[in-house]
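S.K.: Before anything else, here's the structure in question.
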Amino acid sequence: MDELFRAAVDAHPDTIVMVDARKMSIVYANDGACRNLGYRRDELVGQPPDVLFADRDAARLALEYERLKLGPNPAPVYPAMLLRKDASVFPAEISRTLIRGPQGDYVLGIARDVTARVAARRALREEERRLALALESSGLAMFDWDVPSGRVRLGPRWNAILGGEPTETVTSIAELERLVHPDDLPGLRELLRRLLEGEIPAYRLEHRVRNRAGGWTWIESAAEVNERDASGRPLRVTGTNGDIGSRRRLAEMKDVFVAAVSHELRTPLAGIVASLELLREGSAGELPPDARRFVDMACANGERLTELINDVLNLERAQAGRLHLELEPIELAALLEEAASLDASYAERYQARLRVEAVAGLRAMADRKRLLQVVANFVANAAKFSPPGGEIRLAARAGGEGRVVLSVTDQGPGVPEEFKPRLFGRFEQAEHGKGGTGLGLAICKALVERMGGRVGYETAPGGGASFFAELPAPDG
């Protein structure tokens with residue numbers, strides 16, 4: 001058994017030595033000590049223990065051994081610098097145990113090389129220093145959210161963004177939500193839900209928070225889940241908040257400019273289109289065929305330009321958060337029936353028909369007028385891609401927990417694979433040759449996200465495209 005025990009100790013990778021506490025000499029060293037220190041065993045046995053240390057001499061070791069004899073070691077594991085035979089030095093963690101025997105007291109020391117750990121800590125500190133400098137120069141406030149407890153730690157910059165002194169803050173996620181502008185809260189909650197449930201790897205969102213002066217400050221929040229448990233539940237979310245007030249003011253100046261230009265264009269354009277309509281209807285007498293053809297082209301282009309101006313204004317308002325929304329429980333079956341009645345004539349222009357399939361009783365928290373606009377844009381898109389005599393299905397169904405899904409599905413060719421990443425972008429259009437501004441789906445995305453939902457696309461069973469809006473259901 002003694003031989004088995006000695007073999008086990010020798011096989012241990014750590015440095016293990018035994019010292020005669022009275023004679024202050026090494027009486028045993030394992031193979032790990034020989035490997036780690038570069039000595040042969042016979043070179044170590046009989047040597048004073050201070051030959052192993054770069055930061056302790058014989059007097060200090062003798063004092064430490066005397067203290068060890070007097071009672072429990074106050075620091076069972078302590079850091080030290082060990083010295084190899086070749087005079088190189090490495091950091092170690094050492095534990096010591098006093099062994100009392102009939103022949104006197106002995107000290108058993110076990111040293112573990114922590115070079116890799118120390119290097120990792122040094123690299124981490126350096127990385128933290130660089131990150132702190134980067135955050136300071138960027139003006140970003142870092143946050144760390146412990147999801148199970150709801151506690152959020154925010155960097156000093158957060159208080160400064162709100163108009164206070166730059167000090168670290170510890171608060172709750174519920175308190176932070178109370179700072180968010182009511183119009184922006186549904187969209188933020190939806191992104192958080194999708195982030196926590198693993199539907200998206202990260203998010204970035206611009207929204208408003210209440211500052212110390214009682215006004216609203218625009219910030220950009222970015223976050224990702226850094227840790228999940230074995231079952232996939234989120235444990236930790238980290239990210240940054242940044243003051244984007246200056247950027248928003250520039251955007252507002254641009255919006256004012258766009259609105260002013262659009263208004264100045266829209267007023268004379270309405271007069272031009274009205275005059276062309278009168279010409280086409282024969283108010284100035286019967287037009288020759290060539291003249292009528294030119295007037296028809298001018299009318300069509302005038303209508304297209306009017307549509308473009310209106311779409312640009314709608315998109316700018318939605319993305320700038322300047323659209324006032326009246327969120328209320330909306331019965332989806334009734335809304336889709338109303339939408340089908342309003343949009344039927346548009347679908348007929350493309351020889352398509354509308355059919356409603358909605359489960360009774362399904363409700364969504366949404367703005368009625370804006371949701372009708374979303375459905376109208378979805379229908380307009382579906383009609384342009386529908387084959388003659390094709391059917392466009394307006395449907396509503398229950399989604400995940402607390403969600404409902406409204407969809408518009410056509411029987412067209414579907415969305416080309418290469419176009420899918422650009423589907424909801426501005427001024428993006430797949431080839432169909434049937435007009436439009438390329439802003440309809442971008443407007444849908446902006447409106448639905450402002451209502452706390454999300455839009456998406458699926459390939460319909462049997463072909464065709466299905467565009468959907470997923471929205472929160474009313475509580476209870």
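Scheme for the structure tokens: letters A, B, ... for chains in order shown; per-chain residue numbers from 1; ligand numbers from 1 in order shown.
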Using DSSP assignments from the backbone, pull out every residue in segment 235-453 of chain A that falls under strand (DSSP E) and give it to me as an mmCIF file with N, CA and C atoms, in the first residue's frame.
M.R.:
```cif
data_model
loop_
_atom_site.group_PDB
_atom_site.id
_atom_site.type_symbol
_atom_site.label_atom_id
_atom_site.label_comp_id
_atom_site.auth_asym_id
_atom_site.auth_seq_id
_atom_site.Cartn_x
_atom_site.Cartn_y
_atom_site.Cartn_z
ATOM 1 N N LEU A 235 -29.529 33.563 -18.625
ATOM 2 C CA LEU A 235 -29.051 33.922 -17.295
ATOM 3 C C LEU A 235 -28.473 35.336 -17.259
ATOM 4 N N ARG A 236 -27.827 35.732 -18.341
ATOM 5 C CA ARG A 236 -27.120 37.018 -18.321
ATOM 6 C C ARG A 236 -27.217 37.685 -19.680
ATOM 7 N N VAL A 237 -27.554 38.976 -19.668
ATOM 8 C CA VAL A 237 -27.620 39.792 -20.881
ATOM 9 C C VAL A 237 -26.717 40.998 -20.679
ATOM 10 N N THR A 238 -25.850 41.266 -21.651
ATOM 11 C CA THR A 238 -24.992 42.446 -21.579
ATOM 12 C C THR A 238 -25.176 43.289 -22.836
ATOM 13 N N GLY A 239 -24.826 44.563 -22.716
ATOM 14 C CA GLY A 239 -24.959 45.437 -23.869
ATOM 15 C C GLY A 239 -24.551 46.857 -23.534
ATOM 16 N N THR A 240 -24.933 47.781 -24.393
ATOM 17 C CA THR A 240 -24.577 49.188 -24.216
ATOM 18 C C THR A 240 -25.774 50.080 -24.513
ATOM 19 N N ASN A 241 -25.757 51.254 -23.897
ATOM 20 C CA ASN A 241 -26.699 52.324 -24.211
ATOM 21 C C ASN A 241 -25.890 53.552 -24.602
ATOM 22 N N GLY A 242 -26.307 54.225 -25.653
ATOM 23 C CA GLY A 242 -25.597 55.422 -26.094
ATOM 24 C C GLY A 242 -26.545 56.564 -26.378
ATOM 25 N N ASP A 243 -26.142 57.769 -26.007
ATOM 26 C CA ASP A 243 -26.928 58.970 -26.269
ATOM 27 C C ASP A 243 -26.830 59.314 -27.760
ATOM 28 N N GLU A 328 -55.104 49.465 -29.056
ATOM 29 C CA GLU A 328 -56.324 48.961 -28.435
ATOM 30 C C GLU A 328 -56.552 47.527 -28.897
ATOM 31 N N PRO A 329 -57.345 46.750 -28.171
ATOM 32 C CA PRO A 329 -57.639 45.374 -28.617
ATOM 33 C C PRO A 329 -58.438 45.408 -29.925
ATOM 34 N N ILE A 330 -57.916 44.757 -30.949
ATOM 35 C CA ILE A 330 -58.564 44.725 -32.269
ATOM 36 C C ILE A 330 -59.003 43.302 -32.573
ATOM 37 N N GLU A 331 -60.278 43.118 -32.902
ATOM 38 C CA GLU A 331 -60.801 41.802 -33.297
ATOM 39 C C GLU A 331 -60.363 41.561 -34.739
ATOM 40 N N ARG A 353 -58.716 37.818 -56.478
ATOM 41 C CA ARG A 353 -59.839 37.921 -55.541
ATOM 42 C C ARG A 353 -59.332 37.676 -54.117
ATOM 43 N N LEU A 354 -60.044 38.255 -53.151
ATOM 44 C CA LEU A 354 -59.652 38.155 -51.748
ATOM 45 C C LEU A 354 -60.554 37.187 -51.004
ATOM 46 N N ARG A 355 -59.945 36.413 -50.095
ATOM 47 C CA ARG A 355 -60.718 35.501 -49.235
ATOM 48 C C ARG A 355 -60.182 35.615 -47.813
ATOM 49 N N VAL A 356 -61.103 35.696 -46.849
ATOM 50 C CA VAL A 356 -60.724 35.851 -45.436
ATOM 51 C C VAL A 356 -60.874 34.522 -44.713
ATOM 52 N N GLU A 357 -59.833 34.141 -43.980
ATOM 53 C CA GLU A 357 -59.864 32.957 -43.109
ATOM 54 C C GLU A 357 -59.320 33.379 -41.754
ATOM 55 N N ALA A 358 -60.196 33.626 -40.805
ATOM 56 C CA ALA A 358 -59.741 34.088 -39.488
ATOM 57 C C ALA A 358 -60.546 33.417 -38.393
ATOM 58 N N ARG A 363 -57.684 38.466 -30.963
ATOM 59 C CA ARG A 363 -57.512 39.909 -30.870
ATOM 60 C C ARG A 363 -56.033 40.258 -30.780
ATOM 61 N N ALA A 364 -55.695 41.447 -31.255
ATOM 62 C CA ALA A 364 -54.319 41.940 -31.183
ATOM 63 C C ALA A 364 -54.333 43.343 -30.609
ATOM 64 N N MET A 365 -53.260 43.701 -29.902
ATOM 65 C CA MET A 365 -53.086 45.084 -29.436
ATOM 66 C C MET A 365 -52.437 45.867 -30.575
ATOM 67 N N ALA A 366 -53.190 46.750 -31.171
ATOM 68 C CA ALA A 366 -52.681 47.460 -32.351
ATOM 69 C C ALA A 366 -53.455 48.750 -32.556
ATOM 70 N N GLU A 391 -56.007 33.731 -56.075
ATOM 71 C CA GLU A 391 -56.681 34.027 -54.812
ATOM 72 C C GLU A 391 -55.656 34.550 -53.811
ATOM 73 N N ILE A 392 -56.049 35.608 -53.107
ATOM 74 C CA ILE A 392 -55.219 36.163 -52.031
ATOM 75 C C ILE A 392 -55.941 35.900 -50.716
ATOM 76 N N ARG A 393 -55.256 35.183 -49.828
ATOM 77 C CA ARG A 393 -55.904 34.755 -48.568
ATOM 78 C C ARG A 393 -55.453 35.649 -47.421
ATOM 79 N N LEU A 394 -56.429 36.257 -46.748
ATOM 80 C CA LEU A 394 -56.183 37.062 -45.557
ATOM 81 C C LEU A 394 -56.533 36.209 -44.350
ATOM 82 N N ALA A 395 -55.566 35.949 -43.474
ATOM 83 C CA ALA A 395 -55.793 35.003 -42.385
ATOM 84 C C ALA A 395 -55.276 35.546 -41.060
ATOM 85 N N ALA A 396 -55.792 34.986 -39.980
ATOM 86 C CA ALA A 396 -55.316 35.296 -38.629
ATOM 87 C C ALA A 396 -55.329 34.012 -37.816
ATOM 88 N N ARG A 397 -54.311 33.838 -37.001
ATOM 89 C CA ARG A 397 -54.203 32.628 -36.169
ATOM 90 C C ARG A 397 -53.451 32.976 -34.886
ATOM 91 N N ALA A 398 -53.577 32.094 -33.908
ATOM 92 C CA ALA A 398 -52.825 32.262 -32.662
ATOM 93 C C ALA A 398 -51.353 31.960 -32.926
ATOM 94 N N ARG A 403 -49.195 35.898 -28.364
ATOM 95 C CA ARG A 403 -48.992 36.493 -29.687
ATOM 96 C C ARG A 403 -50.081 36.036 -30.653
ATOM 97 N N VAL A 404 -50.367 36.868 -31.638
ATOM 98 C CA VAL A 404 -51.278 36.491 -32.731
ATOM 99 C C VAL A 404 -50.583 36.845 -34.045
ATOM 100 N N VAL A 405 -50.953 36.120 -35.094
ATOM 101 C CA VAL A 405 -50.291 36.306 -36.387
ATOM 102 C C VAL A 405 -51.343 36.601 -37.451
ATOM 103 N N LEU A 406 -51.144 37.694 -38.164
ATOM 104 C CA LEU A 406 -51.988 38.095 -39.290
ATOM 105 C C LEU A 406 -51.160 37.898 -40.557
ATOM 106 N N SER A 407 -51.738 37.242 -41.571
ATOM 107 C CA SER A 407 -50.950 36.956 -42.771
ATOM 108 C C SER A 407 -51.749 37.225 -44.042
ATOM 109 N N VAL A 408 -51.015 37.527 -45.119
ATOM 110 C CA VAL A 408 -51.598 37.703 -46.463
ATOM 111 C C VAL A 408 -50.792 36.817 -47.399
ATOM 112 N N THR A 409 -51.475 35.863 -48.051
ATOM 113 C CA THR A 409 -50.800 34.844 -48.855
ATOM 114 C C THR A 409 -51.308 34.876 -50.289
#
```
S.K.: Taking the chain letters and numbering used in this document, name the residues of segment 135-327 of chain A that DSSP puts in helix (DSSP H, G or I), as a PyMOL selection string.
M.R.: chain A and resi 135-138+156-161+173-179+185-196+245-280+289-319
S.K.: Tell me, in Å to one decimal, how far atom CA of Gly456 of chain A is from atom CA of Leu423 of chain A.
M.R.: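 Taking atom CA of Gly456 of chain A and atom CA of Leu423 of chain A, their separation equals 9.1 Å.
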S.K.: From the list A:Arg84, A:Lys420, A:Ser149, A:Asp14, which residue is nearest Arg40 of chain A when using only C-alpha atoms?
M.R.: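 Among the listed residues, the smallest separation from Arg40 of chain A belongs to A:Arg84.
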S.K.: Applying 7 Å and only C-alpha atoms, which residues near segment 266-275 of chain A remain after dropping the ones on its own chain fewer than 5 positions away? List them as a list in words.
M.R.: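 Surrounding residues, per the criterion: Cys299, Gly302 and Thr306 of chain A.
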S.K.: Any chance you could export the current selection's N, CA, C and O atoms as a PDB file, in the first residue's frame?
M.R.:
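Written out: result.pdb:
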```pdb
ATOM      1  N   CYS A 299     -50.757  61.325 -66.576  1.00  0.00           N
ATOM      2  CA  CYS A 299     -51.615  61.046 -65.416  1.00  0.00           C
ATOM      3  C   CYS A 299     -51.047  59.897 -64.581  1.00  0.00           C
ATOM      4  O   CYS A 299     -50.992  59.976 -63.347  1.00  0.00           O
ATOM      5  N   GLY A 302     -48.003  61.052 -62.781  1.00  0.00           N
ATOM      6  CA  GLY A 302     -48.382  61.966 -61.699  1.00  0.00           C
ATOM      7  C   GLY A 302     -48.907  61.214 -60.491  1.00  0.00           C
ATOM      8  O   GLY A 302     -48.580  61.528 -59.345  1.00  0.00           O
ATOM      9  N   THR A 306     -47.272  61.050 -56.752  1.00  0.00           N
ATOM     10  CA  THR A 306     -48.058  61.336 -55.547  1.00  0.00           C
ATOM     11  C   THR A 306     -47.944  60.191 -54.545  1.00  0.00           C
ATOM     12  O   THR A 306     -47.769  60.407 -53.337  1.00  0.00           O
TER      13      THR A 306
END
```
S.K.: For Pro182 of chain A, which residue out of A:Arg422, A:Arg293, A:His207, A:Arg454 is the nearest one, using only C-alpha atoms?
M.R.: A:His207
S.K.: Could you check which of A:Arg151, A:Arg22, A:Arg157, A:Lys69 is closest to Gln103 of chain A, using only C-alpha atoms?
M.R.: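 Of all the options, A:Arg22 lies closest to Gln103 of chain A.
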S.K.: As an exercise, work out the distance from atom CA of Gly412 of chain A to atom CA of Phe385 of chain A in Å and give it to one decimal place.
M.R.: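 Result for atom CA of Gly412 of chain A versus atom CA of Phe385 of chain A: 5.2 Å, one decimal.
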S.K.: Which is closest to Glu206 of chain A among A:Glu165, A:Glu286, A:Asp184, A:Glu227, if we use only C-alpha atoms?
M.R.: A:Asp184
